[in-house]
Amino acid sequence: MMQVLEQHLIDVRRSLHREPELSYEEFKTTDKLRTWLAEDHISVLDLPLPTGLIAQVGQNEGPVVAIRCDIDALPVEEQTGLPFASEIPGKMHACGHDFHTAVILGAAMLLKAREAELPGKVKILFQPAEETGHGAESVLASGGLGDVAAIFGLHNSPELPTGSFGTRTGPLTAGVDRFEISVEGIGAHAATPENGVDAIVTAAQIITALQTIVSRQCGARETVVLSVTRINGGHTWNVLPERVELEGTVRTYNEEIRASMPEKITRIIEGIAGAAGAKARLHWAPGPPATVNDGVWADFTKEIAGQAGYEVHDIPPQMGGEDFALYLQQIPGAFVNIGTGPAYALHHPRFDVDEAALLPAARYFALLAERALVQLKERA
């Protein structure tokens with residue numbers, strides 16, 4: 001039976017990989033999931049979710065737990081050369097969400113086979129739009145997780161070998177925020193800069209000064225990253241442009257520091273611009289907060305991973321973002337990493353996963369969900 005299930009999960013993963021869909025466009029993916037769930041007689045909840053869905057397994061009264069995967073792809077042109085490579089130009093499962101989806105579908109099938117023995121219910125969440133950082137918001141707004149007592153999610157890890165498992169208590173991924181800064185000067189001929197206000201020089205001074213927020217305004221023990229990732233200004237070689245645009249990101253674990261960043265950035269950019277006779281404005285686009293694992297449930301996931309045969313690692317915090325954080329703000333739980341072997345980094349056009357990791361991960365999440373129900377029932 002396990003060989004049949006393993007091949008099915010490989011086929012599922014490859015089907016999703018061939019037809020990736022971007023955030024909020026996962027209509028065909030959702031239809032495929034409904035078909036696969038129906039084939040195993042797994043019910044889907046009636047919720048106001050245009051894409052993505054929540055299924056449910058369990059016949060008995062008792063606690064409710066949830067296991068979650070994400071289903072969206074990235075705007076990346078695939079370069080793997082795989083026989084099941086993306087058939088959609090400019091779109092690719094370059095973050096392994098196809099792997100996540102197959103794992104959680106497999107867990108749902110295994111749980112369905114033990115439905116009569118489950119001391120409660122398991123909600124199986126196939127979440128849209130993780131790559132936007134806001135997909136979890138629509139799921140929470142749907143009300144589909146209102147009765148969930150514990151929630152668990154996964155991400156594949158090319159840094160961990162196949163057969164490895166990693167998580168930690170406390171922050172696992174960072175809070176992710178995006179900023180845009182517009183610098184407005186006065187255009188002039190490059191030969192007579194005194195007749196204008198140089199937006200490029202002002203922007204350059206702003207870029208340098210922003211780094212002092214991390215080095216001089218945050219404690220040495222805090223982990224903060226501020227990166228300017230885009231600068232755009234000017235159209236020709238002999239004209240000082242009137243406007244320059246900057247864009248970047250801030251990554252933090254500490255919510256107090258995160259909340260203070262817009263004011264810190266604004267103070268610097270307005271001060272430097274004012275000194276130059278220019279103007280600067282900040283647009284702050286908040287993303288998901290840090291993913292903070294509950295200590296009890298993080299330890300529980302590691303214990304079950306050891307029982308499932310994984311090599312268990314207590315991994316350091318990561319500066320990438322994950323909107324699973326929004327669930328953990330309302331529901332205790334933990335986010336974990338499943339090793340998928342050495343590979344190109346996440347979001348790389350040649351990224352791939354080791355499909356040998358599919359079945360063990362599906363078995364692990366089925367076992368984790370069932371054991372969590374038992375644990376919650378014993379606590380009650």
# chains A, B, ... in the order shown; residues from 1 in each chain; ligands from 1
call {"tool": "select_by_dssp", "arguments": {"residues": "stretch 328-361 of chain A", "states": "helix (DSSP H, G or I)", "output": "ChimeraX atom specification"}}
result
/A:328,355-361
call {"tool": "write_last_selection", "arguments": {"atoms": "N, CA, C and O atoms", "output": "mmCIF file, in the first residue's frame"}}
result
data_model
loop_
_atom_site.group_PDB
_atom_site.id
_atom_site.type_symbol
_atom_site.label_atom_id
_atom_site.label_comp_id
_atom_site.auth_asym_id
_atom_site.auth_seq_id
_atom_site.Cartn_x
_atom_site.Cartn_y
_atom_site.Cartn_z
ATOM 1 N N LEU A 328 -0.035 31.382 14.121
ATOM 2 C CA LEU A 328 0.559 31.204 15.452
ATOM 3 C C LEU A 328 0.275 32.375 16.378
ATOM 4 O O LEU A 328 0.424 32.234 17.594
ATOM 5 N N GLU A 355 12.228 13.662 -4.171
ATOM 6 C CA GLU A 355 10.893 13.087 -3.996
ATOM 7 C C GLU A 355 10.879 11.924 -3.019
ATOM 8 O O GLU A 355 9.794 11.521 -2.563
ATOM 9 N N ALA A 356 12.042 11.401 -2.649
ATOM 10 C CA ALA A 356 12.087 10.352 -1.625
ATOM 11 C C ALA A 356 11.625 10.878 -0.269
ATOM 12 O O ALA A 356 11.302 10.093 0.626
ATOM 13 N N ALA A 357 11.588 12.200 -0.116
ATOM 14 C CA ALA A 357 11.145 12.801 1.151
ATOM 15 C C ALA A 357 9.632 12.897 1.263
ATOM 16 O O ALA A 357 9.106 13.197 2.348
ATOM 17 N N LEU A 358 8.899 12.628 0.185
ATOM 18 C CA LEU A 358 7.445 12.824 0.186
ATOM 19 C C LEU A 358 6.723 11.903 1.164
ATOM 20 O O LEU A 358 5.992 12.368 2.062
ATOM 21 N N LEU A 359 6.875 10.601 0.985
ATOM 22 C CA LEU A 359 6.112 9.655 1.802
ATOM 23 C C LEU A 359 6.486 9.753 3.280
ATOM 24 O O LEU A 359 5.576 9.788 4.128
ATOM 25 N N PRO A 360 7.771 9.809 3.659
ATOM 26 C CA PRO A 360 8.083 9.955 5.084
ATOM 27 C C PRO A 360 7.459 11.204 5.703
ATOM 28 O O PRO A 360 6.986 11.166 6.847
ATOM 29 N N ALA A 361 7.431 12.311 4.950
ATOM 30 C CA ALA A 361 6.835 13.535 5.484
ATOM 31 C C ALA A 361 5.326 13.397 5.642
ATOM 32 O O ALA A 361 4.738 13.880 6.619
#
call {"tool": "residues_around", "arguments": {"residues": "A:Ile124", "least_positions_apart": "5", "cutoff": "9 Å", "atoms": "only C-alpha atoms", "output": "list in words"}}
result
Leu53, Ile54, Ala55, Gln56, Val57, Val65, Ala66, Ile67, Arg68, Cys69, Ile104, Leu105, Ala107 and Ala108 of chain A
call {"tool": "atom_distance", "arguments": {"atom1": "atom CA of A:Ile206", "atom2": "atom CA of A:Arg258"}}
result
19.5 Å
call {"tool": "closest_residue", "arguments": {"among": "A:Ser164, A:Thr101, A:Ser215, A:Thr229", "to": "A:Gly341", "atoms": "only C-alpha atoms"}}
result
A:Ser164
call {"tool": "closest_residue", "arguments": {"among": "A:Leu368, A:Ala343, A:Val183, A:Leu160", "to": "A:Gln307", "atoms": "only C-alpha atoms"}}
result
A:Leu368
